[in-house]
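*Asks:* File entry09.txt below, compact mmCIF, C-alpha atoms and all ligand atoms:
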```
# COMPACT_ATOMS: atom_id res chain seq x y z
CA MET A 1 107.43 180.77 -21.23
CA ARG A 2 109.32 179.08 -18.43
CA ILE A 3 109.83 175.40 -18.48
CA PRO A 4 108.74 173.52 -15.38
CA HIS A 5 111.24 172.25 -12.90
CA PRO A 6 112.52 169.26 -14.85
CA LEU A 7 111.31 165.96 -13.52
CA LEU A 8 113.25 162.79 -13.90
CA LEU A 9 116.12 164.36 -15.74
CA LEU A 10 118.14 161.34 -14.85
CA ALA A 11 115.60 159.34 -16.74
CA VAL A 12 116.24 161.54 -19.77
CA LEU A 13 119.96 161.18 -19.55
CA GLY A 14 119.79 157.49 -18.84
CA ALA A 15 117.18 156.66 -21.42
CA GLY A 16 118.54 154.98 -24.48
CA PRO A 17 117.15 152.89 -27.22
CA VAL A 18 115.75 150.27 -24.88
CA SER A 19 113.80 147.39 -26.35
CA ALA A 20 111.43 148.99 -28.79
CA GLN A 21 109.39 146.08 -30.04
CA SER A 22 106.27 148.21 -30.24
CA LEU A 23 107.61 150.33 -33.06
CA SER A 24 106.54 149.60 -36.62
CA SER A 25 109.25 149.29 -39.20
CA ARG A 26 108.69 152.81 -40.48
CA GLU A 27 108.71 154.11 -36.94
CA GLN A 28 112.08 152.42 -36.51
CA ARG A 29 113.18 154.16 -39.70
CA ILE A 30 112.12 157.51 -38.30
CA ARG A 31 114.08 156.86 -35.13
CA THR A 32 117.16 156.03 -37.16
CA GLN A 33 116.75 159.25 -39.14
CA VAL A 34 116.50 161.35 -35.97
CA ALA A 35 119.74 159.83 -34.73
CA ALA A 36 121.41 160.43 -38.09
CA GLY A 37 120.38 164.08 -38.00
CA PHE A 38 121.40 164.74 -34.41
CA ASP A 39 124.68 166.54 -35.13
CA ASP A 40 122.94 168.75 -37.69
CA ALA A 41 120.26 169.52 -35.15
CA VAL A 42 122.82 170.60 -32.55
CA ALA A 43 124.55 172.75 -35.18
CA LEU A 44 121.21 174.36 -36.06
CA LEU A 45 120.58 175.04 -32.38
CA GLU A 46 124.00 176.67 -32.09
CA ARG A 47 123.28 178.96 -35.04
CA ALA A 48 119.87 179.89 -33.70
CA VAL A 49 121.16 180.58 -30.18
CA ASN A 50 124.07 182.65 -31.46
CA THR A 51 121.64 184.83 -33.37
CA SER A 52 120.42 187.04 -30.54
CA SER A 53 116.66 187.44 -30.53
CA GLY A 54 115.35 189.14 -27.43
CA THR A 55 111.69 189.93 -28.04
CA PHE A 56 112.37 193.64 -28.68
CA ASN A 57 115.30 192.93 -31.01
CA VAL A 58 113.17 192.98 -34.13
CA ALA A 59 116.09 192.40 -36.52
CA GLY A 60 117.36 189.53 -34.39
CA VAL A 61 114.01 187.77 -34.22
CA ARG A 62 113.63 188.10 -38.00
CA ALA A 63 117.12 186.67 -38.47
CA VAL A 64 116.27 183.62 -36.36
CA GLY A 65 113.03 183.35 -38.32
CA GLN A 66 115.07 183.30 -41.53
CA ILE A 67 117.26 180.47 -40.18
CA PHE A 68 114.21 178.31 -39.52
CA ARG A 69 112.43 179.42 -42.69
CA GLN A 70 115.31 178.03 -44.76
CA GLN A 71 114.86 174.68 -43.03
CA PHE A 72 111.17 174.52 -43.91
CA ASP A 73 111.77 175.77 -47.45
CA ALA A 74 114.29 172.98 -47.95
CA MET A 75 111.64 170.44 -46.94
CA GLY A 76 109.16 171.89 -49.43
CA PHE A 77 106.89 173.70 -46.99
CA ALA A 78 105.13 176.86 -48.18
CA THR A 79 106.57 179.53 -45.89
CA ARG A 80 105.66 183.14 -45.22
CA TRP A 81 106.57 185.85 -42.79
CA VAL A 82 103.62 187.49 -41.06
CA GLU A 83 104.20 191.18 -40.41
CA LEU A 84 102.62 192.98 -37.47
CA PRO A 85 101.75 196.69 -37.48
CA ALA A 86 104.92 198.75 -36.91
CA ALA A 87 103.41 200.39 -33.85
CA MET A 88 103.45 197.03 -32.07
CA LYS A 89 107.26 196.98 -32.21
CA ARG A 90 107.38 193.22 -32.73
CA ALA A 91 109.14 191.25 -35.44
CA GLY A 92 106.20 189.16 -36.64
CA HIS A 93 105.85 185.39 -37.08
CA LEU A 94 107.02 182.57 -39.27
CA VAL A 95 104.33 180.34 -40.78
CA ALA A 96 105.21 177.16 -42.70
CA GLU A 97 102.52 174.97 -44.24
CA TRP A 98 102.62 171.45 -45.62
CA ASN A 99 99.84 169.55 -47.32
CA GLY A 100 101.09 166.04 -47.95
CA PRO A 101 99.97 164.76 -51.37
CA ARG A 102 99.11 161.34 -49.88
CA ALA A 103 97.38 162.59 -46.72
CA ASN A 104 94.52 160.42 -45.56
CA PRO A 105 91.33 162.53 -45.61
CA GLY A 106 90.69 161.39 -42.04
CA ALA A 107 94.16 162.34 -40.85
CA LYS A 108 94.35 164.92 -38.12
CA ARG A 109 95.68 168.26 -39.27
CA LEU A 110 98.53 169.25 -36.99
CA LEU A 111 99.52 172.70 -35.75
CA LEU A 112 103.08 172.84 -34.39
CA ILE A 113 103.86 175.84 -32.19
CA GLY A 114 107.25 177.35 -31.45
CA HIS A 115 108.64 180.81 -30.73
CA LEU A 116 111.68 182.64 -32.03
CA ASP A 117 112.27 185.18 -29.28
CA THR A 118 114.11 184.87 -25.99
CA VAL A 119 114.06 186.72 -22.68
CA PHE A 120 117.82 187.27 -22.49
CA GLU A 121 120.21 187.88 -25.33
CA GLY A 122 123.67 189.10 -26.24
CA GLU A 123 127.20 188.37 -25.13
CA GLY A 124 127.41 186.01 -22.19
CA THR A 125 124.37 184.13 -23.46
CA ARG A 126 126.04 182.58 -26.50
CA PHE A 127 126.01 178.87 -27.20
CA ALA A 128 128.57 176.95 -25.14
CA ARG A 129 128.58 173.17 -25.24
CA ARG A 130 130.20 170.99 -22.65
CA ASP A 131 129.68 167.29 -23.20
CA THR A 132 125.91 166.68 -23.13
CA VAL A 133 124.94 170.12 -21.83
CA ALA A 134 124.70 173.30 -23.90
CA ARG A 135 124.17 176.71 -22.38
CA GLY A 136 122.91 179.84 -24.04
CA ALA A 137 119.84 182.04 -24.42
CA GLY A 138 116.94 180.03 -25.79
CA THR A 139 118.70 176.65 -25.64
CA ALA A 140 115.73 175.34 -23.65
CA ASP A 141 113.11 178.06 -24.08
CA MET A 142 112.64 177.43 -26.83
CA LYS A 143 115.04 177.37 -29.74
CA GLY A 144 115.71 173.81 -28.58
CA GLY A 145 112.01 173.05 -29.09
CA ASP A 146 112.05 174.75 -32.50
CA VAL A 147 114.99 172.58 -33.52
CA ALA A 148 113.11 169.50 -32.27
CA ILE A 149 110.27 170.44 -34.65
CA VAL A 150 112.67 170.68 -37.57
CA ALA A 151 114.51 167.48 -36.62
CA ALA A 152 111.24 165.55 -36.30
CA LEU A 153 109.90 166.79 -39.64
CA LYS A 154 113.17 166.03 -41.42
CA ALA A 155 113.13 162.49 -40.04
CA LEU A 156 109.53 162.06 -41.17
CA LYS A 157 110.43 163.32 -44.62
CA GLN A 158 113.51 161.12 -44.92
CA ALA A 159 111.52 158.11 -43.75
CA GLY A 160 109.05 158.81 -46.54
CA VAL A 161 105.98 159.46 -44.41
CA LEU A 162 105.67 163.25 -44.45
CA ASP A 163 103.62 162.99 -47.64
CA GLU A 164 100.81 161.46 -45.58
CA MET A 165 100.58 164.42 -43.22
CA ARG A 166 99.07 167.89 -43.10
CA ILE A 167 100.98 170.34 -40.95
CA ILE A 168 101.14 174.05 -40.18
CA VAL A 169 104.07 175.34 -38.16
CA VAL A 170 103.73 178.72 -36.47
CA MET A 171 106.77 180.18 -34.74
CA THR A 172 105.80 183.42 -33.08
CA GLY A 173 108.26 186.27 -32.67
CA ASP A 174 106.93 187.66 -29.42
CA GLU A 175 105.94 184.82 -27.10
CA GLU A 176 107.97 186.15 -24.18
CA SER A 177 106.29 189.56 -24.40
CA ALA A 178 103.38 189.40 -26.79
CA GLY A 179 102.53 192.58 -28.68
CA ARG A 180 99.31 194.36 -27.86
CA PRO A 181 96.52 194.10 -28.71
CA LEU A 182 96.81 190.34 -28.33
CA SER A 183 93.99 189.76 -30.81
CA VAL A 184 96.23 191.27 -33.52
CA ALA A 185 99.44 189.69 -32.23
CA ARG A 186 97.88 186.20 -32.34
CA THR A 187 95.74 186.41 -35.51
CA ALA A 188 98.12 184.19 -37.51
CA LEU A 189 98.24 181.56 -34.79
CA ILE A 190 94.47 181.53 -34.35
CA GLU A 191 93.87 181.32 -38.12
CA ALA A 192 96.24 178.35 -38.30
CA ALA A 193 94.36 176.68 -35.45
CA ARG A 194 91.08 177.05 -37.32
CA LYS A 195 92.59 174.96 -40.11
CA SER A 196 93.91 172.33 -37.68
CA ASP A 197 92.65 169.53 -35.41
CA VAL A 198 95.43 169.22 -32.86
CA ALA A 199 97.98 171.74 -31.55
CA LEU A 200 101.37 170.49 -30.40
CA ALA A 201 103.56 173.04 -28.63
CA PHE A 202 107.26 172.64 -28.07
CA GLU A 203 107.93 174.62 -24.94
CA GLY A 204 110.44 173.01 -22.63
CA GLY A 205 109.52 169.52 -21.54
CA SER A 206 110.66 166.72 -19.34
CA ALA A 207 110.94 162.99 -19.75
CA ALA A 208 107.79 162.05 -17.89
CA SER A 209 105.26 164.86 -18.18
CA ALA A 210 103.39 167.00 -20.69
CA THR A 211 100.82 169.75 -20.44
CA ILE A 212 97.13 169.52 -21.25
CA ALA A 213 96.02 172.30 -18.90
CA ARG A 214 97.69 175.50 -17.89
CA ARG A 215 96.96 178.73 -16.20
CA GLY A 216 96.32 182.01 -17.90
CA ALA A 217 98.28 185.12 -17.14
CA SER A 218 97.42 188.78 -16.99
CA GLY A 219 99.34 191.85 -15.93
CA TRP A 220 98.86 194.69 -13.49
CA VAL A 221 100.39 198.07 -12.73
CA LEU A 222 100.00 199.64 -9.30
CA THR A 223 100.58 203.38 -8.97
CA VAL A 224 100.77 204.81 -5.46
CA THR A 225 100.87 208.51 -4.68
CA GLY A 226 101.87 210.17 -1.42
CA ARG A 227 102.38 213.73 -0.21
CA GLN A 228 105.89 214.97 -0.72
CA ALA A 229 107.01 216.51 2.58
CA HIS A 230 109.88 216.58 5.06
CA SER A 231 110.56 213.13 6.44
CA SER A 232 110.37 214.31 10.03
CA GLY A 233 106.59 214.64 9.61
CA ILE A 234 105.94 211.11 8.40
CA PHE A 235 103.15 209.14 10.17
CA ARG A 236 101.27 212.35 10.99
CA ASN A 237 97.86 212.55 9.42
CA GLU A 238 98.52 215.87 7.71
CA THR A 239 101.71 214.63 6.00
CA GLY A 240 100.76 211.01 5.68
CA PHE A 241 102.73 207.78 5.34
CA GLY A 242 104.22 208.36 1.93
CA ALA A 243 104.02 206.30 -1.22
CA VAL A 244 106.65 203.75 -0.25
CA PHE A 245 104.98 202.61 2.97
CA GLU A 246 101.62 202.49 1.22
CA ALA A 247 103.04 200.37 -1.60
CA ALA A 248 104.58 198.05 1.00
CA ARG A 249 101.22 197.73 2.77
CA ILE A 250 99.38 196.93 -0.43
CA LEU A 251 101.87 194.30 -1.59
CA ASP A 252 101.98 192.65 1.82
CA GLU A 253 98.16 192.55 1.96
CA PHE A 254 98.11 190.91 -1.48
CA ARG A 255 100.43 188.26 -0.08
CA VAL A 256 98.47 187.78 3.14
CA GLN A 257 95.05 187.57 1.52
CA LEU A 258 95.76 185.81 -1.76
CA SER A 259 98.94 183.75 -1.58
CA LYS A 260 97.30 180.52 -0.42
CA GLN A 261 94.73 180.00 -3.17
CA PRO A 262 95.37 176.94 -5.33
CA TYR A 263 96.42 177.82 -8.90
CA LEU A 264 96.60 181.55 -8.14
CA THR A 265 99.93 183.37 -8.12
CA PHE A 266 100.95 186.98 -8.59
CA ASN A 267 104.39 188.43 -8.72
CA PRO A 268 105.49 192.05 -8.37
CA GLY A 269 108.27 192.03 -10.94
CA THR A 270 109.51 195.59 -10.62
CA ILE A 271 109.11 198.41 -8.12
CA VAL A 272 110.29 201.99 -8.56
CA GLY A 273 109.68 204.67 -5.93
CA GLY A 274 110.83 208.08 -4.73
CA THR A 275 110.07 211.72 -5.35
CA ASP A 276 110.76 211.69 -9.08
CA VAL A 277 109.69 208.50 -10.82
CA VAL A 278 109.91 207.71 -14.50
CA TYR A 279 108.40 204.39 -15.52
CA ASP A 280 107.76 202.65 -18.84
CA SER A 281 105.38 199.75 -18.37
CA GLU A 282 105.91 198.53 -21.94
CA ALA A 283 109.65 198.12 -21.40
CA VAL A 284 109.12 197.18 -17.73
CA LYS A 285 111.77 199.66 -16.83
CA GLY A 286 112.08 202.83 -14.79
CA SER A 287 114.18 205.09 -12.61
CA ALA A 288 113.68 207.00 -9.41
CA ALA A 289 115.35 209.77 -7.47
CA GLY A 290 114.64 211.04 -4.00
CA LYS A 291 116.19 212.10 -0.76
CA THR A 292 116.27 210.20 2.49
CA ASN A 293 114.75 213.19 4.25
CA ILE A 294 111.81 213.54 1.84
CA ILE A 295 108.64 211.46 2.02
CA ALA A 296 108.30 209.59 -1.26
CA LYS A 297 105.71 210.94 -3.67
CA GLN A 298 105.28 208.03 -6.04
CA VAL A 299 105.74 204.29 -6.41
CA VAL A 300 105.03 202.19 -9.47
CA VAL A 301 104.87 198.40 -9.21
CA GLN A 302 104.34 196.10 -12.16
CA GLY A 303 103.49 192.45 -11.86
CA ASP A 304 101.70 189.42 -13.25
CA LEU A 305 98.72 187.38 -12.12
CA ARG A 306 98.16 183.73 -13.00
CA PHE A 307 94.90 181.84 -12.69
CA LEU A 308 93.13 178.69 -13.84
CA THR A 309 89.62 179.94 -14.56
CA PRO A 310 88.11 183.30 -15.52
CA GLY A 311 86.17 183.25 -12.22
CA GLN A 312 89.35 182.96 -10.21
CA LEU A 313 90.85 185.87 -12.15
CA ASP A 314 87.83 188.08 -11.50
CA SER A 315 87.69 187.39 -7.78
CA ALA A 316 91.43 187.92 -7.31
CA ARG A 317 91.18 191.26 -9.09
CA ALA A 318 88.27 192.26 -6.87
CA VAL A 319 90.27 191.50 -3.71
CA MET A 320 93.26 193.41 -5.05
CA ARG A 321 91.14 196.45 -5.89
CA GLU A 322 89.70 196.44 -2.37
CA ILE A 323 93.18 196.32 -0.81
CA VAL A 324 94.40 199.10 -3.08
CA ALA A 325 91.47 201.32 -2.04
CA ALA A 326 92.06 201.04 1.73
CA ASN A 327 94.77 203.68 1.79
CA LEU A 328 97.00 204.80 4.64
CA PRO A 329 96.61 208.49 5.54
CA GLY A 330 97.93 210.93 2.95
CA THR A 331 98.13 208.38 0.15
CA THR A 332 96.10 207.21 -2.82
CA ALA A 333 96.57 204.25 -5.09
CA VAL A 334 95.22 202.87 -8.35
CA ILE A 335 95.72 199.49 -9.96
CA SER A 336 95.13 198.70 -13.61
CA PHE A 337 94.88 195.22 -15.10
CA ASP A 338 95.38 194.03 -18.62
CA ASP A 339 94.13 190.82 -20.13
CA GLY A 340 96.96 188.53 -21.09
CA TYR A 341 96.93 184.88 -21.92
CA PRO A 342 93.71 182.93 -21.48
CA GLY A 343 93.78 179.79 -19.39
CA MET A 344 93.82 176.32 -20.94
CA PRO A 345 91.36 174.09 -19.13
CA PRO A 346 91.80 170.31 -19.33
CA THR A 347 89.63 168.63 -22.00
CA ASP A 348 88.87 165.04 -23.04
CA GLY A 349 90.42 165.73 -26.43
CA GLY A 350 93.63 166.88 -24.79
CA ARG A 351 93.67 163.77 -22.60
CA ALA A 352 93.30 161.58 -25.68
CA VAL A 353 96.33 163.23 -27.33
CA LEU A 354 98.25 162.76 -24.09
CA ARG A 355 97.45 159.03 -24.14
CA VAL A 356 98.86 158.71 -27.66
CA PHE A 357 101.98 160.59 -26.56
CA ASP A 358 102.34 158.38 -23.48
CA GLN A 359 102.22 155.28 -25.64
CA VAL A 360 104.75 156.74 -28.07
CA SER A 361 107.11 157.54 -25.22
CA GLN A 362 106.89 154.05 -23.76
CA ASP A 363 107.19 152.38 -27.14
CA LEU A 364 110.43 154.29 -27.64
CA GLY A 365 111.72 153.07 -24.27
CA TYR A 366 111.21 156.42 -22.53
CA PRO A 367 109.14 156.96 -19.38
CA ALA A 368 105.35 156.99 -19.19
CA ILE A 369 103.88 160.49 -19.45
CA GLU A 370 101.69 162.16 -16.88
CA ALA A 371 99.79 165.41 -17.16
CA LEU A 372 101.75 168.19 -15.52
CA PRO A 373 99.72 169.99 -12.83
CA PRO A 374 98.44 173.24 -14.40
CA GLU A 375 100.17 175.43 -11.81
CA GLN A 376 103.59 174.04 -12.70
CA ARG A 377 103.43 175.44 -16.20
CA GLY A 378 103.58 179.11 -17.11
CA ALA A 379 101.47 180.75 -19.77
CA GLY A 380 102.17 179.91 -23.38
CA ASP A 381 101.01 180.48 -26.93
CA ILE A 382 98.99 177.27 -27.03
CA SER A 383 96.49 178.88 -24.65
CA PHE A 384 95.34 181.18 -27.47
CA VAL A 385 94.15 178.18 -29.47
CA ALA A 386 93.00 175.99 -26.57
CA GLY A 387 89.38 176.89 -27.28
CA ILE A 388 89.72 175.88 -30.95
CA VAL A 389 91.74 172.65 -31.03
CA ASP A 390 92.86 169.90 -28.69
CA GLY A 391 96.33 170.63 -27.46
CA LEU A 392 99.45 169.24 -25.87
CA ASP A 393 102.45 171.30 -24.73
CA GLY A 394 105.81 170.53 -23.21
CA LEU A 395 107.02 168.56 -26.23
CA GLY A 396 110.30 170.47 -26.31
CA VAL A 397 113.67 169.83 -24.76
CA ALA A 398 114.56 169.37 -21.10
CA GLY A 399 116.73 172.11 -19.71
CA PHE A 400 117.25 174.42 -16.79
CA GLY A 401 117.44 178.10 -15.94
CA SER A 402 114.92 179.31 -18.49
CA HIS A 403 114.28 183.08 -18.20
CA ALA A 404 117.69 183.31 -16.52
CA PRO A 405 121.12 184.10 -17.99
CA GLU A 406 122.47 180.63 -17.11
CA GLU A 407 119.88 178.80 -19.23
CA GLY A 408 120.92 175.45 -20.64
CA VAL A 409 119.68 172.28 -22.30
CA TYR A 410 120.43 168.57 -21.85
CA LEU A 411 121.27 167.67 -25.42
CA PRO A 412 120.10 164.03 -25.24
CA SER A 413 116.64 165.46 -24.61
CA LEU A 414 116.75 167.07 -28.07
CA LYS A 415 116.93 163.62 -29.59
CA MET A 416 114.21 162.37 -27.28
CA ALA A 417 111.97 165.33 -28.13
CA ALA A 418 112.44 164.87 -31.88
CA GLU A 419 111.81 161.10 -31.74
CA ARG A 420 108.71 161.41 -29.63
CA ALA A 421 107.34 164.34 -31.63
CA ALA A 422 107.87 162.56 -34.96
CA LEU A 423 106.10 159.41 -33.81
CA LEU A 424 103.31 161.36 -32.15
CA MET A 425 102.72 163.30 -35.39
CA LEU A 426 102.74 160.09 -37.40
CA ARG A 427 100.31 158.28 -35.12
CA LEU A 428 97.96 161.25 -34.98
CA SER A 429 98.07 161.48 -38.77
CA THR A 430 97.60 157.77 -39.41
CA PRO A 431 95.56 156.62 -36.47
CA ARG A 432 95.83 153.08 -35.22
CA PRO A 433 94.17 151.52 -32.21
CA ILE A 434 95.91 152.43 -28.98
CA PRO A 435 96.38 149.33 -26.84
ZN ZN A 501 108.93 179.79 -24.12
```
Output the file's structure as structure tokens, nothing else.
Ligand SMILES: [Zn+2]
*Replies:*
Amino acid sequence: MRIPHPLLLLAVLGAGPVSAQSLSSREQRIRTQVAAGFDDAVALLERAVNTSSGTFNVAGVRAVGQIFRQQFDAMGFATRWVELPAAMKRAGHLVAEWNGPRANPGAKRLLLIGHLDTVFEGEGTRFARRDTVARGAGTADMKGGDVAIVAALKALKQAGVLDEMRIIVVMTGDEESAGRPLSVARTALIEAARKSDVALAFEGGSAASATIARRGASGWVLTVTGRQAHSSGIFRNETGFGAVFEAARILDEFRVQLSKQPYLTFNPGTIVGGTDVVYDSEAVKGSAAGKTNIIAKQVVVQGDLRFLTPGQLDSARAVMREIVAANLPGTTAVISFDDGYPGMPPTDGGRAVLRVFDQVSQDLGYPAIEALPPEQRGAGDISFVAGIVDGLDGLGVAGFGSHAPEEGVYLPSLKMAAERAALLMLRLSTPRPIP
């Protein structure tokens, strides 16, 4: 999932251990432990980033899973690797569970969500640090967030408070392109949510915002067919307008009719057209051949569609189907939709978690936290459990260029993320009145 445009990055970089009178002595201890573990955390991030793990690189995702599994094993978590059916062509997920022997029966059970896969991978996306910035695939989205989870838990353990907590960590192996069917791909995550009270997700964050509501995402494939004929006859009714012009009309009508609705977006990600088209919608990849003097026979367009509520999704699909059916002469078109990530509507429970997080942030001398507008946050794994537990996302690191080869992270934000996450987990586990 993309991180939002980072807000107040200067605040991240400038924030230091300001007066922190509101921290208890053990919270101070946790903060000290995060600082002590910072170099180890950066080293862990480097190892994770330099282990390529594009979603379809099954061996790579497993290898990154192994790196994190060792970290949880060392802390005494019960870890397991969840396999998915081979036909799904996904690596599976890492699950790590901790039941603190001194957990208060009233303590909230926490589900921590990360993901092991990245969009880009390979040479040119390796870890490269320059001062306080590190570049590389997954530095921000979200190996940085995964490392923040580990760093926070280690600090809690070293400060002697982990024993009071109950935690399940799920790091999925296919967040950037979830296997289908989704119900199978997300069984482990949903089962973990059923045993939890609050879900905390570590997608990229910023100093002053977090996510309690986000849009859902689904996909679509548009296939347009025209009559193959000599180009000199184009625009005549008997030859028709060809698949390329019809695809252009449809996409432009989508834009004209639907691009101004709040919370709704749709993006044609790929388009392939010509006389001979080969397209693989699973790999989002294709090729085309044609001639400039031949009217194109086929176009395939694949895109996404993001929405806040199921009603908005349904009505957008209806408009799109209508546009697709109003064909230019000599052409036909069909559009198919698939159900992707559900939306995450705002809830009172989510707002309450946000208030605790806001207080934690301010007590640490970091900025106050506001809810990020739902449309500024892409789809994410937490949406699958939004109907089961209260949730907060955006607890990860602040970076830039996610889903792009030049991705990077502001390393001070790794420390901030770990400190805030550790204290949030502690306060949720051992509730105290929020002033
Ligand atoms: Zn992500």
*Asks:* So that each row is one residue of segment 260-324 of chain A with an atom at most 6 Å from segment 215-224 of chain A, can you give its shortest atom pair and the distance in Å to one decimal, using only C-alpha atoms, rows by chain and rising number, as a tab-separated table?
*Replies:*
```
residue	atom	partner	partner_atom	distance
A:Gln298	CA	A:Val224	CA	5.6
A:Val299	CA	A:Val224	CA	5.1
A:Val300	CA	A:Thr223	CA	4.6
A:Val301	CA	A:Leu222	CA	5.0
A:Gln302	CA	A:Val221	CA	4.5
A:Gly303	CA	A:Trp220	CA	5.4
A:Asp304	CA	A:Gly219	CA	4.3
A:Leu305	CA	A:Ser218	CA	5.2
A:Arg306	CA	A:Ala217	CA	4.4
A:Phe307	CA	A:Arg215	CA	5.1
A:Leu308	CA	A:Arg215	CA	4.5
```
*Asks:* Keeping only C-alpha atoms, write those residues as a JSON list (two decimals), in the coordinates of the input.
*Replies:*
```json
[["chain", "number", "residue", "atom", "x", "y", "z"],
["A", 298, "GLN", "CA", 105.28, 208.03, -6.04],
["A", 299, "VAL", "CA", 105.74, 204.29, -6.41],
["A", 300, "VAL", "CA", 105.03, 202.19, -9.47],
["A", 301, "VAL", "CA", 104.87, 198.40, -9.21],
["A", 302, "GLN", "CA", 104.34, 196.10, -12.16],
["A", 303, "GLY", "CA", 103.49, 192.45, -11.86],
["A", 304, "ASP", "CA", 101.70, 189.42, -13.25],
["A", 305, "LEU", "CA", 98.72, 187.38, -12.12],
["A", 306, "ARG", "CA", 98.16, 183.73, -13.00],
["A", 307, "PHE", "CA", 94.90, 181.84, -12.69],
["A", 308, "LEU", "CA", 93.13, 178.69, -13.84]]
```
*Asks:* Suppose you want the space between atom CA of Asp39 of chain A and atom CA of Leu414 of chain A; what is it in Å?
*Replies:* 10.6 Å
*Asks:* Residues of segment 314-417 of chain A that approach segment 162-173 of chain A to 12 Å or less, counting all atoms listed in the file: could you list each one with the shortest pair of atoms and its distance in Å to one decimal, rows by chain and increasing residue number, as JSON lines?
*Replies:*
```
{"residue": "A:Gly380", "atom": "CA", "partner": "A:Thr172", "partner_atom": "CA", "distance": 10.9}
{"residue": "A:Asp381", "atom": "CA", "partner": "A:Thr172", "partner_atom": "CA", "distance": 8.3}
{"residue": "A:Ile382", "atom": "CA", "partner": "A:Val170", "partner_atom": "CA", "distance": 10.7}
{"residue": "A:Val385", "atom": "CA", "partner": "A:Val170", "partner_atom": "CA", "distance": 11.9}
```
*Asks:* So which residues touch Ala386 of chain A within 12 Å, counting all atoms listed in the file, skipping near sequence neighbours fewer than 2 positions away, as a PyMOL selection string?
*Replies:* chain A and resi 111+189-190+193-194+196-201+211-216+341-347+349-350+379-384+388-393
*Asks:* Pull C-alpha atoms from the residues just selected and write them as a CSV table (one decimal), in the coordinates of the input.
*Replies:*
```csv
chain,number,residue,atom,x,y,z
A,111,LEU,CA,99.5,172.7,-35.8
A,189,LEU,CA,98.2,181.6,-34.8
A,190,ILE,CA,94.5,181.5,-34.4
A,193,ALA,CA,94.4,176.7,-35.4
A,194,ARG,CA,91.1,177.0,-37.3
A,196,SER,CA,93.9,172.3,-37.7
A,197,ASP,CA,92.6,169.5,-35.4
A,198,VAL,CA,95.4,169.2,-32.9
A,199,ALA,CA,98.0,171.7,-31.6
A,200,LEU,CA,101.4,170.5,-30.4
A,201,ALA,CA,103.6,173.0,-28.6
A,211,THR,CA,100.8,169.8,-20.4
A,212,ILE,CA,97.1,169.5,-21.2
A,213,ALA,CA,96.0,172.3,-18.9
A,214,ARG,CA,97.7,175.5,-17.9
A,215,ARG,CA,97.0,178.7,-16.2
A,216,GLY,CA,96.3,182.0,-17.9
A,341,TYR,CA,96.9,184.9,-21.9
A,342,PRO,CA,93.7,182.9,-21.5
A,343,GLY,CA,93.8,179.8,-19.4
A,344,MET,CA,93.8,176.3,-20.9
A,345,PRO,CA,91.4,174.1,-19.1
A,346,PRO,CA,91.8,170.3,-19.3
A,347,THR,CA,89.6,168.6,-22.0
A,349,GLY,CA,90.4,165.7,-26.4
A,350,GLY,CA,93.6,166.9,-24.8
A,379,ALA,CA,101.5,180.8,-19.8
A,380,GLY,CA,102.2,179.9,-23.4
A,381,ASP,CA,101.0,180.5,-26.9
A,382,ILE,CA,99.0,177.3,-27.0
A,383,SER,CA,96.5,178.9,-24.6
A,384,PHE,CA,95.3,181.2,-27.5
A,388,ILE,CA,89.7,175.9,-31.0
A,389,VAL,CA,91.7,172.6,-31.0
A,390,ASP,CA,92.9,169.9,-28.7
A,391,GLY,CA,96.3,170.6,-27.5
A,392,LEU,CA,99.4,169.2,-25.9
A,393,ASP,CA,102.4,171.3,-24.7
```
*Asks:* Go through A:Gly54, A:Gly76, A:Gly160, A:Gly240 one by one, measure the shortest atom-to-atom distance of each to Val119 of chain A using all atoms listed in the file, and give the residue with the smallest value.
*Replies:*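 So, comparing all the options, the nearest one is A:Gly54.
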*Asks:* List all protein, DNA and RNA residues that have an atom no more than 12 Å from any atom of ligand ZN 501 (chain A), counting only C-alpha atoms and all ligand atoms, and report them as a PyMOL selection string.
*Replies:* chain A and resi 1-4+54-55+113-120+137-146+171-178+201-205+377-382+393-397+399+401-403
*Asks:* Find the distance between atom CA of Lys108 of chain A and atom CA of Ser206 of chain A and write it in Å to one decimal.
*Replies:*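 Between atom CA of Lys108 of chain A and atom CA of Ser206 of chain A the gap is 24.9 Å.
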*Asks:* Extract, using only C-alpha atoms, all DNA, RNA and protein residues at most 12 Å from Ser287 of chain A, discarding same-chain residues fewer than 3 positions from it, and format them as a short mmCIF file (atom, residue, chain, number, x, y, z; two decimals) with C-alpha atoms, in the coordinates of the input.
*Replies:*
```cif
data_model
loop_
_atom_site.label_atom_id
_atom_site.label_comp_id
_atom_site.auth_asym_id
_atom_site.auth_seq_id
_atom_site.Cartn_x
_atom_site.Cartn_y
_atom_site.Cartn_z
CA THR A 270 109.51 195.59 -10.62
CA ILE A 271 109.11 198.41 -8.12
CA VAL A 272 110.29 201.99 -8.56
CA GLY A 273 109.68 204.67 -5.93
CA GLY A 274 110.83 208.08 -4.73
CA THR A 275 110.07 211.72 -5.35
CA ASP A 276 110.76 211.69 -9.08
CA VAL A 277 109.69 208.50 -10.82
CA VAL A 278 109.91 207.71 -14.50
CA TYR A 279 108.40 204.39 -15.52
CA ASP A 280 107.76 202.65 -18.84
CA SER A 281 105.38 199.75 -18.37
CA VAL A 284 109.12 197.18 -17.73
CA GLY A 290 114.64 211.04 -4.00
CA GLN A 298 105.28 208.03 -6.04
CA VAL A 299 105.74 204.29 -6.41
CA VAL A 300 105.03 202.19 -9.47
CA VAL A 301 104.87 198.40 -9.21
#
```
